[in-house]
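See below for the structure under consideration.
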Amino acid sequence: MIVGVLALQGDVAEHERALERVGVSARRIRVPADLEGISALVLPGGESTTILMMIDSSDLRAPLTAWIAEGRPTLGTCAGLVLLADRVIDGRSDQVSLGGLGVTVQRNGFGRQRFSFEAPVSAPTLGADFDGVFIRAPRIIDVDAGTEVLGSLLEGDSAEPVLVQRGALLGCAFHPELSRDDRLHQRLVGLV
Ligand code: GLN
């Protein structure tokens, strides 16, 4: 099985290694033809504004939007979550995401105090907590009906969603590929 990793900008290599650890081949996606024959897709972290500009200049917007509309398995981490989100707050004015995942995210939504941090992510249906690595992470501020919250940051009585799934679209605000926790890549492959 071949899983594509959008390789325009961001932490592509870490996702390739995670995919190899779960036993599938990774292919870098840079032009539309690269999508042929892949079974699932990873949208890595990086800078969503840059990635979106490069998606447009690489003629990838239409095929990626079609991929998502067909409900093909896709994992978006951090900036990748911004790409998948139906609604984005604090994006650049000309920033238009791909959409498909029924959430509102706020770019860099944890603010200056929590620019980058590590915190446990509670994900009871997936087993033990994730070691969540958050780097200028988007904040999920609204979750539509039909989008399931799989993982949250717990603080006192409040639970902040940071890992969501809608159909075969998985979005997470943290970087599982950096903590070498392969459960989400495994789950992506399981959705094929
Ligand atoms: N803040 C970045 C963005 O909005 C995401 C950061 C990341 O992917 N680590 O695109």
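Just so we're on the same page: first chain in the structure tokens is A, next is B, and so on; residues restart at 1 for each chain, and ligands are numbered from 1 in the order they show up.
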
- Item | ligand 1 neighbours within 8 Å using only C-alpha atoms and all ligand atoms, as JSON, numbers by chain | {"A": [10, 44, 45, 46, 47, 48, 49, 50, 51, 77, 78, 79, 80, 82, 91, 107, 108, 134, 135, 136, 137, 138, 174, 175]}

- Could you pull the residues within 8 Å of Ser39 in chain A, counting only C-alpha atoms, minus those fewer than 5 positions along the same chain, as a PyMOL selection string? chain A and resi 1-4+72-73+192

Export, as a PDB file, in the first residue's frame, the selected residues with C-alpha atoms.
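part35.pdb, freshly written:
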ATOM      1  CA  MET A   1       0.000   0.000   0.000  1.00  0.00           C
ATOM      2  CA  ILE A   2       1.242   3.485  -0.847  1.00  0.00           C
ATOM      3  CA  VAL A   3       0.315   6.482   1.294  1.00  0.00           C
ATOM      4  CA  GLY A   4       0.967   9.963  -0.046  1.00  0.00           C
ATOM      5  CA  ARG A  72     -10.641   9.124   0.832  1.00  0.00           C
ATOM      6  CA  PRO A  73      -8.620   8.547   4.039  1.00  0.00           C
ATOM      7  CA  VAL A 192      -8.335   2.301   3.722  1.00  0.00           C
TER       8      VAL A 192
END

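What separates CA of Ile55 in chain A from CA of Gly71 in chain A is a distance of 19.2 Å.
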
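Shortest atom-to-atom contact with Leu75 in chain A among A:Gly111, A:Gly146, A:Gly100, A:Gly23: A:Gly100, counting only C-alpha atoms.
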
- Near Val149 in chain A, within 7 Å and counting only C-alpha atoms, which residues show up once chain neighbours fewer than 3 positions away are dropped, as a PyMOL selection string? chain A and resi 161+163-165

Residues from the last selection, C-alpha atoms, saved as an mmCIF file, in the first residue's frame:
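Writing the result to result23.cif gives the following:
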data_model
loop_
_atom_site.group_PDB
_atom_site.id
_atom_site.type_symbol
_atom_site.label_atom_id
_atom_site.label_comp_id
_atom_site.auth_asym_id
_atom_site.auth_seq_id
_atom_site.Cartn_x
_atom_site.Cartn_y
_atom_site.Cartn_z
ATOM 1 C CA PRO A 161 -10.708 18.941 21.516
ATOM 2 C CA LEU A 163 -8.049 15.268 17.696
ATOM 3 C CA VAL A 164 -11.166 14.823 15.573
ATOM 4 C CA GLN A 165 -12.513 12.528 12.879
#

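Each of A:Leu178, A:Met53, A:Leu126, A:Ala119 was checked against Ser97 in chain A using only C-alpha atoms; the smallest atom-to-atom distance is that of A:Met53.
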
- Arg17 in chain A environment, 9 Å, only C-alpha atoms, sequence neighbours closer than 4 positions dropped, as a list of chain:residue names: A:Val12, A:Ala13, A:Arg21, A:Val22, A:Ala26, A:Glu177

- Shell of 7 Å around range 84-90 of chain A, only C-alpha atoms, local chain residues under 6 positions omitted, as a count of residues only: 12

Please, which residues in range 83-135 of chain A fall within 12 Å of range 183-187 of chain A when counting only C-alpha atoms, and what is the closest atom pair and distance in Å to one decimal for each, ordered by chain then residue number, as a tab-separated table?
residue	atom	partner	partner_atom	distance
A:Ala123	CA	A:Arg183	CA	10.9
A:Thr125	CA	A:Arg183	CA	11.4
A:Leu126	CA	A:Arg183	CA	7.8
A:Gly127	CA	A:Arg183	CA	9.4
A:Ala128	CA	A:Arg183	CA	10.3
A:Asp129	CA	A:Arg183	CA	10.9
A:Phe130	CA	A:Arg183	CA	9.1
A:Asp131	CA	A:Arg183	CA	11.7

Emit the selected residues as a PDB file, in the first residue's frame, including all heavy atoms.
ATOM      1  N   ALA A 123      -7.173  10.322  24.975  1.00  0.00           N
ATOM      2  CA  ALA A 123      -7.880   9.763  23.810  1.00  0.00           C
ATOM      3  C   ALA A 123      -8.357   8.368  24.191  1.00  0.00           C
ATOM      4  O   ALA A 123      -7.811   7.366  23.716  1.00  0.00           O
ATOM      5  CB  ALA A 123      -6.960   9.726  22.600  1.00  0.00           C
ATOM      6  N   THR A 125     -10.628   6.250  23.524  1.00  0.00           N
ATOM      7  CA  THR A 125     -10.958   5.163  22.589  1.00  0.00           C
ATOM      8  C   THR A 125      -9.718   4.636  21.869  1.00  0.00           C
ATOM      9  O   THR A 125      -9.773   3.580  21.238  1.00  0.00           O
ATOM     10  CB  THR A 125     -11.982   5.628  21.517  1.00  0.00           C
ATOM     11  OG1 THR A 125     -11.431   6.766  20.820  1.00  0.00           O
ATOM     12  CG2 THR A 125     -13.304   6.014  22.129  1.00  0.00           C
ATOM     13  N   LEU A 126      -8.598   5.366  21.956  1.00  0.00           N
ATOM     14  CA  LEU A 126      -7.371   4.928  21.275  1.00  0.00           C
ATOM     15  C   LEU A 126      -6.351   4.349  22.248  1.00  0.00           C
ATOM     16  O   LEU A 126      -5.256   3.964  21.841  1.00  0.00           O
ATOM     17  CB  LEU A 126      -6.737   6.103  20.523  1.00  0.00           C
ATOM     18  CG  LEU A 126      -7.624   6.776  19.469  1.00  0.00           C
ATOM     19  CD1 LEU A 126      -6.877   7.902  18.784  1.00  0.00           C
ATOM     20  CD2 LEU A 126      -8.079   5.760  18.432  1.00  0.00           C
ATOM     21  N   GLY A 127      -6.679   4.299  23.525  1.00  0.00           N
ATOM     22  CA  GLY A 127      -5.752   3.722  24.499  1.00  0.00           C
ATOM     23  C   GLY A 127      -5.134   4.797  25.371  1.00  0.00           C
ATOM     24  O   GLY A 127      -5.795   5.746  25.780  1.00  0.00           O
ATOM     25  N   ALA A 128      -3.826   4.652  25.600  1.00  0.00           N
ATOM     26  CA  ALA A 128      -3.118   5.561  26.518  1.00  0.00           C
ATOM     27  C   ALA A 128      -3.092   6.981  25.955  1.00  0.00           C
ATOM     28  O   ALA A 128      -3.325   7.210  24.760  1.00  0.00           O
ATOM     29  CB  ALA A 128      -1.685   5.063  26.707  1.00  0.00           C
ATOM     30  N   ASP A 129      -2.787   7.928  26.823  1.00  0.00           N
ATOM     31  CA  ASP A 129      -2.639   9.318  26.385  1.00  0.00           C
ATOM     32  C   ASP A 129      -1.552   9.428  25.311  1.00  0.00           C
ATOM     33  O   ASP A 129      -0.574   8.683  25.318  1.00  0.00           O
ATOM     34  CB  ASP A 129      -2.184  10.207  27.562  1.00  0.00           C
ATOM     35  CG  ASP A 129      -3.284  10.435  28.581  1.00  0.00           C
ATOM     36  OD1 ASP A 129      -4.418   9.933  28.380  1.00  0.00           O
ATOM     37  OD2 ASP A 129      -2.999  11.118  29.592  1.00  0.00           O
ATOM     38  N   PHE A 130      -1.721  10.382  24.413  1.00  0.00           N
ATOM     39  CA  PHE A 130      -0.649  10.768  23.494  1.00  0.00           C
ATOM     40  C   PHE A 130       0.232  11.783  24.206  1.00  0.00           C
ATOM     41  O   PHE A 130      -0.260  12.598  24.986  1.00  0.00           O
ATOM     42  CB  PHE A 130      -1.205  11.445  22.237  1.00  0.00           C
ATOM     43  CG  PHE A 130      -1.863  10.519  21.259  1.00  0.00           C
ATOM     44  CD1 PHE A 130      -3.181  10.112  21.435  1.00  0.00           C
ATOM     45  CD2 PHE A 130      -1.178  10.056  20.147  1.00  0.00           C
ATOM     46  CE1 PHE A 130      -3.795   9.260  20.527  1.00  0.00           C
ATOM     47  CE2 PHE A 130      -1.777   9.203  19.232  1.00  0.00           C
ATOM     48  CZ  PHE A 130      -3.096   8.804  19.429  1.00  0.00           C
ATOM     49  N   ASP A 131       1.545  11.769  23.903  1.00  0.00           N
ATOM     50  CA  ASP A 131       2.415  12.871  24.321  1.00  0.00           C
ATOM     51  C   ASP A 131       2.234  13.964  23.275  1.00  0.00           C
ATOM     52  O   ASP A 131       2.898  13.941  22.239  1.00  0.00           O
ATOM     53  CB  ASP A 131       3.892  12.428  24.354  1.00  0.00           C
ATOM     54  CG  ASP A 131       4.142  11.412  25.458  1.00  0.00           C
ATOM     55  OD1 ASP A 131       3.459  11.491  26.499  1.00  0.00           O
ATOM     56  OD2 ASP A 131       5.009  10.538  25.258  1.00  0.00           O
TER      57      ASP A 131
END

- Task: Write out as a ChimeraX atom specification all residues of range 16-176 of chain A that DSSP puts in strand (DSSP E or B) for this structure's backbone.
- Result: /A:25-29,40-43,74-77,85-89,101-106,116-122,130-135,139-143,148-155,158-166,169-172

- Mind the document's chain letters and residue numbers, and return as a list in words the residues of range 152-191 of chain A that DSSP labels alpha helix (DSSP H).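 Written out, the alpha helix (DSSP H) residues of range 152-191 of chain A are Arg183, Leu184, His185, Gln186, Arg187, Leu188, Val189 and Gly190 of chain A.
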
- Item | Gap from CA of Phe110 in chain A to CA of Glu16 in chain A - Å, one decimal | 27.4 Å

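Distance annotation: of A:Phe117, A:Leu170, A:Arg28, A:Trp67, the residue with the minimal separation from Thr147 in chain A is A:Leu170; atom set is only C-alpha atoms.
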
- Message: Considering only C-alpha atoms, can you say which of A:Val5, A:Val189, A:Leu19, A:Ala173 comes closest to Leu64 in chain A?
- Response: A:Val5

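Between CA of Ser58 in chain A and CA of Val31 in chain A the interatomic distance comes to 5.9 Å.
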